[in-house]
file upload.txt (compact mmCIF, C-alpha atoms and all ligand atoms)
# COMPACT_ATOMS: atom_id res chain seq x y z
CA ARG A 1 0.00 0.00 0.00
CA ASN A 2 2.71 2.43 0.93
CA HIS A 3 5.49 1.76 -1.53
CA PHE A 4 5.39 2.74 -5.16
CA TYR A 5 7.45 1.42 -8.04
CA ARG A 6 7.40 4.20 -10.63
CA ASP A 7 9.42 7.36 -10.08
CA THR A 8 6.47 9.75 -10.40
CA TRP A 9 4.70 11.11 -7.33
CA ALA A 10 2.76 14.04 -5.89
CA GLU A 11 4.11 15.52 -2.68
CA ILE A 12 1.59 17.02 -0.23
CA ASN A 13 3.19 19.29 2.35
CA LEU A 14 0.85 19.01 5.33
CA ASP A 15 2.81 21.70 7.20
CA LYS A 16 1.59 24.20 4.59
CA ILE A 17 -2.02 23.08 4.99
CA SER A 18 -1.59 23.58 8.72
CA SER A 19 -0.09 27.01 8.21
CA ASN A 20 -2.93 28.07 5.89
CA ILE A 21 -5.56 26.98 8.42
CA LYS A 22 -3.74 28.83 11.22
CA SER A 23 -3.61 31.98 9.08
CA PHE A 24 -7.39 31.81 8.70
CA LYS A 25 -7.84 31.29 12.46
CA LYS A 26 -5.96 34.57 12.99
CA HIS A 27 -7.80 36.30 10.14
CA LEU A 28 -11.28 35.22 11.31
CA PRO A 29 -10.98 34.48 15.06
CA ASP A 30 -14.76 34.34 15.57
CA GLN A 31 -15.46 31.86 12.76
CA LYS A 32 -15.34 28.08 13.02
CA ILE A 33 -13.53 26.45 10.11
CA MET A 34 -15.07 23.67 8.04
CA ALA A 35 -12.31 22.07 5.93
CA VAL A 36 -13.63 21.09 2.49
CA VAL A 37 -11.93 17.76 1.72
CA LYS A 38 -14.18 16.54 -1.11
CA ALA A 39 -12.69 15.06 -4.30
CA ASN A 40 -9.93 13.37 -2.31
CA GLY A 41 -9.05 16.71 -0.76
CA TYR A 42 -8.91 18.42 -4.15
CA GLY A 43 -6.40 15.70 -5.03
CA HIS A 44 -4.33 16.29 -1.88
CA GLY A 45 -5.58 13.23 0.05
CA ALA A 46 -8.88 13.63 1.94
CA TYR A 47 -7.95 11.74 5.09
CA GLN A 48 -4.50 13.24 5.57
CA THR A 49 -5.77 16.75 4.83
CA ALA A 50 -8.69 16.26 7.23
CA VAL A 51 -6.43 15.11 10.09
CA GLU A 52 -4.00 18.00 9.52
CA ALA A 53 -6.79 20.58 9.28
CA LEU A 54 -8.46 19.32 12.45
CA GLU A 55 -5.12 19.36 14.31
CA SER A 56 -4.57 22.93 13.11
CA GLY A 57 -7.88 24.49 14.20
CA ALA A 58 -10.58 23.33 11.81
CA GLU A 59 -13.54 21.83 13.68
CA LEU A 60 -15.73 20.35 10.92
CA LEU A 61 -15.30 18.72 7.52
CA ALA A 62 -17.26 18.97 4.27
CA VAL A 63 -17.51 16.50 1.41
CA ALA A 64 -19.57 16.22 -1.77
CA MET A 65 -21.00 12.73 -1.41
CA LEU A 66 -21.97 10.22 1.25
CA ASP A 67 -19.25 7.80 0.11
CA GLU A 68 -16.57 10.36 0.98
CA ALA A 69 -18.07 10.89 4.43
CA LEU A 70 -18.36 7.15 5.11
CA ALA A 71 -14.74 6.65 4.01
CA LEU A 72 -13.53 9.25 6.53
CA ARG A 73 -15.59 7.61 9.30
CA LYS A 74 -14.13 4.22 8.34
CA GLN A 75 -10.66 5.75 8.61
CA GLY A 76 -11.45 6.87 12.17
CA ILE A 77 -12.41 10.49 11.75
CA SER A 78 -14.96 11.43 14.44
CA ALA A 79 -15.26 15.17 13.73
CA PRO A 80 -18.56 16.51 12.30
CA ILE A 81 -18.84 15.89 8.56
CA LEU A 82 -21.34 17.60 6.24
CA VAL A 83 -22.31 16.08 2.88
CA MET A 84 -22.90 19.26 0.88
CA ASN A 85 -25.15 17.69 -1.68
CA ARG A 86 -28.25 15.54 -2.10
CA ILE A 87 -28.12 11.96 -0.87
CA ARG A 88 -30.72 9.32 -1.67
CA PRO A 89 -33.64 9.48 0.82
CA GLU A 90 -33.18 5.82 1.69
CA TYR A 91 -29.68 6.54 3.03
CA VAL A 92 -30.76 8.88 5.83
CA SER A 93 -30.51 6.21 8.53
CA LEU A 94 -27.03 5.27 7.31
CA ALA A 95 -26.07 8.94 7.60
CA ALA A 96 -27.64 9.29 11.06
CA GLU A 97 -25.98 6.13 12.37
CA ASN A 98 -22.60 7.42 11.24
CA GLU A 99 -23.34 10.90 12.63
CA ILE A 100 -22.95 12.38 9.17
CA SER A 101 -24.79 15.66 8.65
CA ILE A 102 -26.67 16.02 5.40
CA THR A 103 -27.95 18.81 3.20
CA ILE A 104 -31.66 19.35 2.49
CA PHE A 105 -33.18 21.61 -0.11
CA GLN A 106 -36.35 19.87 -1.33
CA LYS A 107 -39.66 19.40 0.47
CA ASP A 108 -40.45 16.30 -1.61
CA TRP A 109 -37.14 14.78 -0.62
CA LEU A 110 -37.87 15.32 3.05
CA ILE A 111 -41.30 13.69 2.77
CA GLU A 112 -39.72 10.66 1.04
CA ALA A 113 -36.81 10.52 3.51
CA SER A 114 -39.08 10.63 6.57
CA LYS A 115 -40.26 7.11 5.69
CA PHE A 116 -36.73 5.84 6.32
CA LEU A 117 -35.86 7.85 9.38
CA LYS A 118 -37.53 5.63 11.93
CA GLU A 119 -34.92 2.95 11.40
CA THR A 120 -32.40 4.60 13.71
CA ASP A 121 -32.46 6.21 17.12
CA LYS A 122 -29.72 8.73 16.31
CA VAL A 123 -31.05 12.14 15.38
CA LEU A 124 -30.26 13.12 11.79
CA ASN A 125 -28.44 16.46 11.64
CA ILE A 126 -29.55 18.62 8.75
CA HIS A 127 -28.11 21.71 7.11
CA LEU A 128 -30.71 23.64 5.10
CA LYS A 129 -29.27 24.75 1.77
CA LEU A 130 -30.61 28.04 0.40
CA ASP A 131 -30.01 29.09 -3.20
CA THR A 132 -29.48 32.86 -3.05
CA GLY A 133 -28.04 33.07 -6.56
CA MET A 134 -25.58 30.25 -7.22
CA GLY A 135 -28.27 28.54 -9.28
CA ARG A 136 -27.10 25.01 -8.50
CA VAL A 137 -28.97 23.41 -5.57
CA GLY A 138 -30.92 25.06 -2.75
CA ILE A 139 -34.30 26.36 -1.69
CA THR A 140 -35.37 29.55 -3.41
CA GLU A 141 -39.05 29.88 -2.40
CA GLU A 142 -40.05 31.18 1.04
CA GLU A 143 -43.05 28.82 1.13
CA GLU A 144 -40.87 25.74 0.59
CA LEU A 145 -38.43 26.99 3.22
CA HIS A 146 -41.31 27.36 5.65
CA ASP A 147 -42.77 23.92 4.87
CA VAL A 148 -39.38 22.19 5.14
CA SER A 149 -38.59 23.97 8.39
CA LEU A 150 -41.94 23.01 9.93
CA LEU A 151 -41.61 19.38 8.83
CA ILE A 152 -38.19 19.13 10.49
CA GLN A 153 -39.32 20.99 13.63
CA ASN A 154 -42.23 18.56 14.00
CA SER A 155 -39.99 15.50 13.64
CA SER A 156 -38.12 14.04 16.59
CA ALA A 157 -35.89 12.09 14.19
CA CYS A 158 -34.04 15.04 12.70
CA GLU A 159 -33.02 18.57 13.55
CA ILE A 160 -31.69 21.66 11.82
CA GLU A 161 -28.02 21.85 12.79
CA GLY A 162 -27.13 24.42 10.14
CA VAL A 163 -28.27 26.67 7.34
CA PHE A 164 -26.08 27.72 4.46
CA THR A 165 -25.81 29.25 1.02
CA HIS A 166 -23.01 29.35 -1.58
CA PHE A 167 -21.61 32.35 -3.42
CA ALA A 168 -21.19 32.34 -7.19
CA THR A 169 -18.90 35.36 -7.51
CA ALA A 170 -17.14 35.90 -4.18
CA ASP A 171 -13.81 35.70 -6.01
CA GLU A 172 -14.62 38.85 -8.01
CA TRP A 173 -13.89 41.98 -5.98
CA GLU A 174 -16.57 44.19 -7.56
CA SER A 175 -19.42 41.71 -7.75
CA GLU A 176 -22.98 42.95 -7.24
CA LEU A 177 -24.26 39.40 -7.06
CA PHE A 178 -22.07 38.74 -4.04
CA GLU A 179 -23.77 41.58 -2.18
CA THR A 180 -27.20 40.53 -3.44
CA GLN A 181 -26.65 36.97 -2.23
CA ARG A 182 -25.40 38.16 1.14
CA LYS A 183 -28.50 40.29 1.67
CA ARG A 184 -30.87 37.56 0.46
CA PHE A 185 -29.28 35.09 2.86
CA ILE A 186 -29.58 37.52 5.80
CA ASN A 187 -33.26 38.09 4.96
CA GLN A 188 -33.89 34.36 4.94
CA LEU A 189 -32.08 34.00 8.27
CA ASP A 190 -34.43 36.64 9.70
CA LEU A 191 -37.39 34.61 8.41
CA LEU A 192 -36.09 31.44 10.03
CA LYS A 193 -35.61 33.34 13.28
CA LYS A 194 -39.22 34.56 13.08
CA TRP A 195 -40.25 30.90 12.85
CA GLY A 196 -38.16 30.11 15.89
CA ILE A 197 -35.29 28.52 13.97
CA THR A 198 -31.78 29.63 14.93
CA PRO A 199 -29.40 26.87 13.75
CA LYS A 200 -26.09 26.20 15.48
CA TYR A 201 -24.09 26.73 12.27
CA VAL A 202 -24.83 29.60 9.88
CA HIS A 203 -22.44 29.61 6.97
CA SER A 204 -21.99 31.10 3.52
CA ALA A 205 -18.31 31.76 2.91
CA ASN A 206 -16.07 29.77 0.62
CA SER A 207 -12.37 30.71 0.51
CA ALA A 208 -12.89 33.86 -1.55
CA ALA A 209 -15.56 35.22 0.80
CA ALA A 210 -13.54 34.21 3.85
CA LEU A 211 -10.46 36.01 2.52
CA ARG A 212 -12.35 39.26 1.88
CA LYS A 213 -14.33 39.18 5.15
CA PHE A 214 -17.86 40.58 5.10
CA GLU A 215 -20.61 41.43 7.56
CA GLY A 216 -23.28 38.95 8.57
CA PRO A 217 -24.60 36.67 11.33
CA PHE A 218 -22.32 33.83 10.23
CA ASN A 219 -20.18 31.67 12.49
CA LEU A 220 -18.48 29.21 10.14
CA VAL A 221 -16.48 29.35 6.90
CA ARG A 222 -16.03 26.51 4.40
CA LEU A 223 -12.43 26.51 3.24
CA GLY A 224 -11.33 24.50 0.23
CA ILE A 225 -8.90 25.95 -2.27
CA SER A 226 -7.17 28.37 0.13
CA MET A 227 -6.55 25.63 2.70
CA TYR A 228 -4.47 23.95 0.00
CA GLY A 229 -2.61 27.24 -0.47
CA LEU A 230 -4.14 28.27 -3.78
CA SER A 231 -5.86 31.56 -4.52
CA PRO A 232 -9.57 31.32 -5.51
CA SER A 233 -8.91 33.56 -8.51
CA SER A 234 -6.09 35.49 -10.15
CA GLU A 235 -8.00 38.68 -9.32
CA MET A 236 -7.75 37.89 -5.61
CA LYS A 237 -4.17 36.71 -5.79
CA GLU A 238 -2.79 40.26 -5.79
CA LYS A 239 -4.80 41.29 -2.74
CA LEU A 240 -4.59 38.32 -0.37
CA PRO A 241 -4.68 39.44 3.28
CA PHE A 242 -1.95 36.89 4.08
CA THR A 243 0.36 34.50 2.22
CA LEU A 244 -1.13 31.22 1.07
CA GLU A 245 1.35 28.33 0.97
CA GLU A 246 0.91 25.93 -1.95
CA ALA A 247 0.86 22.40 -0.50
CA PHE A 248 0.86 20.35 -3.71
CA SER A 249 3.92 19.56 -5.86
CA LEU A 250 4.41 17.02 -8.63
CA HIS A 251 7.66 15.22 -9.41
CA SER A 252 9.11 12.58 -11.71
CA GLN A 253 12.53 11.33 -12.83
CA LEU A 254 14.32 11.11 -16.19
CA ILE A 255 14.15 7.53 -17.44
CA HIS A 256 15.82 8.09 -20.81
CA VAL A 257 18.16 10.70 -22.32
CA LYS A 258 19.22 10.84 -25.97
CA LYS A 259 20.70 13.20 -28.54
CA LEU A 260 18.53 14.14 -31.52
CA MET A 261 20.02 15.03 -34.85
CA PRO A 262 18.47 17.84 -36.96
CA GLY A 263 15.26 16.55 -38.57
CA ASP A 264 14.64 13.84 -36.00
CA THR A 265 11.04 13.87 -34.66
CA VAL A 266 9.47 13.16 -31.24
CA SER A 267 6.26 11.36 -30.16
CA TYR A 268 2.95 10.53 -31.81
CA GLY A 269 2.22 12.43 -35.01
CA ALA A 270 5.90 13.45 -35.18
CA THR A 271 4.73 16.97 -34.35
CA TYR A 272 8.13 17.99 -32.98
CA ARG A 273 11.18 18.08 -35.27
CA ALA A 274 14.68 18.90 -34.01
CA LYS A 275 16.26 21.89 -35.75
CA GLU A 276 19.75 21.13 -34.48
CA GLU A 277 21.52 18.58 -32.31
CA GLU A 278 19.41 18.49 -29.12
CA TRP A 279 19.36 16.53 -25.86
CA ILE A 280 15.94 15.04 -25.13
CA GLY A 281 14.69 13.46 -21.90
CA THR A 282 11.74 11.13 -21.28
CA LEU A 283 9.58 11.28 -18.12
CA PRO A 284 7.24 8.50 -16.89
CA ILE A 285 4.11 10.66 -16.58
CA GLY A 286 1.33 11.09 -19.10
CA TYR A 287 -2.30 11.98 -19.55
CA ALA A 288 -3.50 8.84 -17.69
CA ASP A 289 -1.84 10.44 -14.65
CA GLY A 290 -3.86 13.58 -15.22
CA TRP A 291 -0.94 15.33 -16.89
CA GLN A 292 -3.24 16.60 -19.64
CA ARG A 293 -2.32 16.34 -23.36
CA ARG A 294 -3.15 20.02 -23.88
CA LEU A 295 -0.11 20.93 -21.73
CA SER A 296 2.14 20.34 -24.72
CA PRO A 297 3.43 22.41 -26.29
CA GLY A 298 3.64 25.03 -23.59
CA ALA A 299 4.44 23.55 -20.19
CA ASP A 300 7.96 23.34 -18.79
CA VAL A 301 9.40 21.03 -16.19
CA LEU A 302 12.30 21.85 -13.83
CA ILE A 303 15.46 19.75 -13.80
CA ARG A 304 18.49 20.97 -11.83
CA GLY A 305 16.40 24.14 -11.27
CA GLU A 306 16.32 24.86 -14.99
CA ARG A 307 13.27 24.98 -17.24
CA ALA A 308 12.96 22.21 -19.84
CA PRO A 309 9.99 22.55 -22.22
CA ILE A 310 7.75 19.56 -22.87
CA ILE A 311 8.03 18.74 -26.59
CA GLY A 312 5.89 16.57 -28.83
CA ARG A 313 2.60 15.03 -27.79
CA ILE A 314 2.08 13.91 -24.19
CA CYS A 315 1.42 10.16 -24.24
CA MET A 316 -0.70 8.10 -21.90
CA ASP A 317 2.21 7.24 -19.59
CA GLN A 318 5.17 9.33 -20.76
CA CYS A 319 6.22 12.68 -22.12
CA MET A 320 9.40 14.16 -23.56
CA VAL A 321 11.31 17.31 -22.65
CA LYS A 322 14.03 19.28 -24.39
CA LEU A 323 17.03 19.47 -22.04
CA PRO A 324 19.24 22.59 -21.88
CA TYR A 325 22.24 20.24 -22.12
CA LYS A 326 23.05 16.56 -21.56
CA MET A 327 21.55 15.42 -18.27
CA ASP A 328 21.49 12.00 -16.69
CA VAL A 329 18.90 9.28 -16.35
CA GLY A 330 17.63 9.35 -12.75
CA GLU A 331 17.68 13.14 -12.35
CA LYS A 332 14.59 14.51 -10.57
CA ALA A 333 12.09 16.55 -12.59
CA THR A 334 9.56 18.88 -10.95
CA LEU A 335 6.39 19.49 -12.94
CA ILE A 336 4.63 21.60 -10.29
CA GLY A 337 6.68 23.12 -7.47
CA LYS A 338 10.12 24.54 -6.73
CA GLN A 339 13.67 23.58 -7.57
CA ASN A 340 16.45 25.89 -6.34
CA ASP A 341 15.17 29.39 -7.09
CA GLU A 342 12.84 28.44 -9.93
CA THR A 343 9.13 27.64 -9.37
CA ILE A 344 6.32 26.30 -11.53
CA GLU A 345 3.11 27.31 -9.73
CA MET A 346 -0.20 25.52 -10.03
CA ASP A 347 -1.56 28.72 -11.61
CA GLU A 348 1.00 28.48 -14.45
CA ILE A 349 -0.16 24.97 -15.34
CA ALA A 350 -3.83 25.97 -14.96
CA SER A 351 -3.50 28.85 -17.41
CA LEU A 352 -1.58 26.66 -19.90
CA ALA A 353 -4.37 24.08 -19.62
CA LYS A 354 -6.92 26.89 -20.06
CA THR A 355 -8.60 26.08 -16.75
CA ILE A 356 -8.53 27.13 -13.08
CA ASN A 357 -6.10 25.97 -10.43
CA TYR A 358 -8.84 23.89 -8.67
CA GLU A 359 -8.95 21.42 -11.56
CA ILE A 360 -5.25 20.58 -11.86
CA PRO A 361 -4.67 18.67 -8.58
CA CYS A 362 -8.17 17.12 -8.79
CA LEU A 363 -7.19 15.55 -12.14
CA ILE A 364 -3.85 14.11 -10.98
CA SER A 365 -5.13 10.55 -10.97
CA SER A 366 -4.94 7.82 -8.35
CA ARG A 367 -2.16 6.25 -10.44
CA VAL A 368 0.13 8.95 -9.02
CA PRO A 369 1.07 8.08 -5.41
CA ARG A 370 0.81 10.81 -2.79
CA VAL A 371 3.84 11.34 -0.54
CA PHE A 372 2.97 13.28 2.61
CA VAL A 373 5.46 15.59 4.31
CA LYS A 374 4.74 16.51 7.94
CA LYS A 375 7.06 18.48 10.23
CA GLY A 376 9.51 18.58 7.35
CA ARG A 377 9.81 14.79 6.96
CA ILE A 378 8.06 12.14 4.82
CA SER A 379 5.32 10.83 7.10
CA GLU A 380 3.42 8.50 4.76
CA ASN A 381 3.09 7.32 1.18
CA MET A 382 -0.34 6.54 -0.28
CA ASN A 383 -0.37 4.30 -3.33
CA VAL A 384 -3.98 3.28 -3.94
CA ILE A 385 -3.06 0.97 -6.83
CA LEU A 386 -1.59 -1.50 -4.33
CA ASN A 387 -4.31 -0.92 -1.75
CA PHE A 388 -6.64 -3.83 -2.29
C1 LIG B 401 -20.89 24.37 -1.17
C2 LIG B 401 -19.41 24.65 -1.18
N1 LIG B 401 -18.85 25.27 -0.13
C3 LIG B 401 -17.53 25.53 -0.09
C4 LIG B 401 -16.71 25.17 -1.13
C5 LIG B 401 -15.24 25.52 -1.01
O1 LIG B 401 -14.95 26.50 -1.98
P1 LIG B 401 -13.43 26.96 -2.16
O2 LIG B 401 -12.66 25.74 -2.61
O3 LIG B 401 -13.48 28.03 -3.20
O4 LIG B 401 -12.98 27.45 -0.81
C6 LIG B 401 -17.25 24.53 -2.24
C7 LIG B 401 -16.31 24.18 -3.37
N2 LIG B 401 -16.96 23.82 -4.56
C8 LIG B 401 -16.33 23.89 -5.75
C9 LIG B 401 -15.06 24.26 -6.00
O5 LIG B 401 -14.90 24.15 -7.36
N3 LIG B 401 -16.05 23.76 -7.93
C10 LIG B 401 -16.94 23.58 -6.95
O6 LIG B 401 -18.16 23.18 -7.07
C11 LIG B 401 -18.63 24.26 -2.28
O7 LIG B 401 -19.20 23.62 -3.33
call {"tool": "encode", "arguments": {"input": "upload.txt", "output": "structure tokens"}}
result
Amino acid sequence: RNHFYRDTWAEINLDKISSNIKSFKKHLPDQKIMAVVKANGYGHGAYQTAVEALESGAELLAVAMLDEALALRKQGISAPILVMNRIRPEYVSLAAENEISITIFQKDWLIEASKFLKETDKVLNIHLKLDTGMGRVGITEEEELHDVSLLIQNSSACEIEGVFTHFATADEWESELFETQRKRFINQLDLLKKWGITPKYVHSANSAAALRKFEGPFNLVRLGISMYGLSPSSEMKEKLPFTLEEAFSLHSQLIHVKKLMPGDTVSYGATYRAKEEEWIGTLPIGYADGWQRRLSPGADVLIRGERAPIIGRICMDQCMVKLPYKMDVGEKATLIGKQNDETIEMDEIASLAKTINYEIPCLISSRVPRVFVKKGRISENMNVILNF
């Protein structure tokens, strides 16, 4: 499970995740932190990120699906976990038994789910999801909010632990919608209060909103991207209130080095042709590892702290780079991260891939083992291929 046999790996620096959480604790001392560890911790390792975040001041966790919550429970996590999306009504007793909080935003769902709730004596904790403008999931109508609230209040099998909404444009400094959503959410909170509902957790902020701070009766922030040390948008990157430390880096090793003569070509389609005598290296990482084809031409890798451009088409398992001079098989290549005083940031790869930084680590597949660094030393390797 722990060893891996190909010299390509992602390194997750848990000390940086810890430092990012601690920065938010200082920045927002009156807010509880919910660490968003869905999608295998945005590719950083859900369990290891969760443990580090909880040790560093986070008090709750958030995931996108019941499977992710059950996996964390199975791995021994006892902290509160919220599934931030719809689960099947028939799974409510499974959620309650495992003390997993769930998200509700449909009256019909609640009516269907109530048939299954009797099967367990543990109260089901519910977070009401309000759609104030994200346009994804959430209650929009006051009448449905009232009906859902009454149904839950009249049931001894479940209770409203939280109420939340999600911002669509918090990462844009001058966004009217952000303000509109904030006001709508506050109005709905006033309504709930009028009906005697004052949930324990009231939350709206993702990383972007948490970084910019804003007024409201909220007591919890849901941190994803910034916990991993990445800025929610390039617009915010220039005005961060504190430094975010990028936890994810990606490394490989030269497995082949050769000299090309002028006219020699490289990779499928022979799209790259040497103009002069050139030294070419081969790396054991390809698009099946989530190193996307569209990154060539364009992306560089670092070897000996020097940039080496990827040349020719990225293959399923390998790619080729043009070396500044003859280098040796076995030399370490860094595809995301720092070597000496040169750095390839996640944002550089994201813009080359014409996407956002969130997507890059999420797409680094389970074929790439994760090596965790804690207190400056390798604490654990996770190689899911051999974990059966
Ligand atoms: C409901 C909800 N809350 C909080 C977060 C954390 O946001 P952050 O990573 O910007 O801090 C997300 C992330 N959801 C997504 C991030 O990218 N695509 C998404 O759907 C979310 O869906």
call {"tool": "residues_near_ligand", "arguments": {"input": "upload.txt", "ligand": "ligand LIG 401 (chain B)", "cutoff": "6 Å", "atoms": "all atoms listed in the file", "output": "JSON list (two decimals) with C-alpha atoms, keeping the file's coordinate frame"}}
result
[["chain", "number", "residue", "atom", "x", "y", "z"],
["A", 36, "VAL", "CA", -13.63, 21.09, 2.49],
["A", 84, "MET", "CA", -22.90, 19.26, 0.88],
["A", 166, "HIS", "CA", -23.01, 29.35, -1.58],
["A", 206, "ASN", "CA", -16.07, 29.77, 0.62],
["A", 207, "SER", "CA", -12.37, 30.71, 0.51],
["A", 222, "ARG", "CA", -16.03, 26.51, 4.40],
["A", 223, "LEU", "CA", -12.43, 26.51, 3.24],
["A", 224, "GLY", "CA", -11.33, 24.50, 0.23],
["A", 225, "ILE", "CA", -8.90, 25.95, -2.27],
["A", 226, "SER", "CA", -7.17, 28.37, 0.13],
["A", 232, "PRO", "CA", -9.57, 31.32, -5.51]]
call {"tool": "residues_near_point", "arguments": {"input": "upload.txt", "point": "(-13.0, 9.7, -0.3)", "cutoff": "12 Å", "atoms": "all atoms listed in the file", "output": "JSON, numbers by chain"}}
result
{"A": [36, 37, 38, 39, 40, 41, 42, 43, 44, 45, 46, 47, 48, 49, 50, 62, 63, 64, 65, 66, 67, 68, 69, 70, 71, 72, 73, 74, 75, 83, 366, 384]}
call {"tool": "atom_distance", "arguments": {"input": "upload.txt", "atom1": "atom CA of Leu177 of chain A", "atom2": "atom CA of Ala208 of chain A"}}
result
13.8 Å
call {"tool": "residues_around", "arguments": {"input": "upload.txt", "residues": "segment 25-33 of chain A", "least_positions_apart": "2", "cutoff": "8 Å", "atoms": "only C-alpha atoms", "output": "PyMOL selection string"}}
result
chain A and resi 21-23+35+57-60+210+213+218-223
call {"tool": "residues_around", "arguments": {"input": "upload.txt", "residues": "Glu277 of chain A", "least_positions_apart": "4", "cutoff": "9 Å", "atoms": "only C-alpha atoms", "output": "list in words"}}
result
Lys259, Leu260, Met261 and Pro262 of chain A
call {"tool": "write_last_selection", "arguments": {"input": "upload.txt", "atoms": "C-alpha atoms", "output": "short mmCIF file (atom, residue, chain, number, x, y, z; two decimals), keeping the file's coordinate frame"}}
result
data_model
loop_
_atom_site.label_atom_id
_atom_site.label_comp_id
_atom_site.auth_asym_id
_atom_site.auth_seq_id
_atom_site.Cartn_x
_atom_site.Cartn_y
_atom_site.Cartn_z
CA LYS A 259 20.70 13.20 -28.54
CA LEU A 260 18.53 14.14 -31.52
CA MET A 261 20.02 15.03 -34.85
CA PRO A 262 18.47 17.84 -36.96
#
call {"tool": "atom_distance", "arguments": {"input": "upload.txt", "atom1": "atom CA of Arg377 of chain A", "atom2": "atom CA of Gly305 of chain A"}}
result
21.5 Å
call {"tool": "closest_residue", "arguments": {"input": "upload.txt", "among": "A:Leu283, A:Val163, A:Ile344, A:Ile303", "to": "Asp190 of chain A", "atoms": "all atoms listed in the file"}}
result
A:Val163
call {"tool": "residues_around", "arguments": {"input": "upload.txt", "residues": "segment 245-256 of chain A", "least_positions_apart": "6", "cutoff": "6 Å", "atoms": "only C-alpha atoms", "output": "list of chain:residue names"}}
result
A:Asp7, A:Thr8, A:Trp9, A:Ala10, A:Glu11, A:Ile12, A:Asn13, A:Lys16, A:Tyr228, A:Gly229, A:Leu230, A:Gly281, A:Thr282, A:Leu283, A:Val329, A:Gly330, A:Glu331, A:Lys332, A:Ala333, A:Thr334, A:Leu335, A:Ile336, A:Gly337
call {"tool": "closest_residue", "arguments": {"input": "upload.txt", "among": "A:Ala53, A:Glu278, A:Gly312, A:Asn85", "to": "Tyr325 of chain A", "atoms": "only C-alpha atoms"}}
result
A:Glu278
call {"tool": "atom_distance", "arguments": {"input": "upload.txt", "atom1": "atom CA of Ile126 of chain A", "atom2": "atom CA of Arg88 of chain A"}}
result
14.0 Å
call {"tool": "residues_around", "arguments": {"input": "upload.txt", "residues": "Pro199 of chain A", "least_positions_apart": "5", "cutoff": "8 Å", "atoms": "only C-alpha atoms", "output": "list in words"}}
result
Ile160, Glu161, Gly162 and Val163 of chain A
call {"tool": "residues_near_point", "arguments": {"input": "upload.txt", "point": "(-23.8, 25.1, 0.9)", "cutoff": "9 Å", "atoms": "all atoms listed in the file", "output": "MDAnalysis selection string"}}
result
chainID A and resid 84:85 103 127:131 137:138 163:167 203:205 222
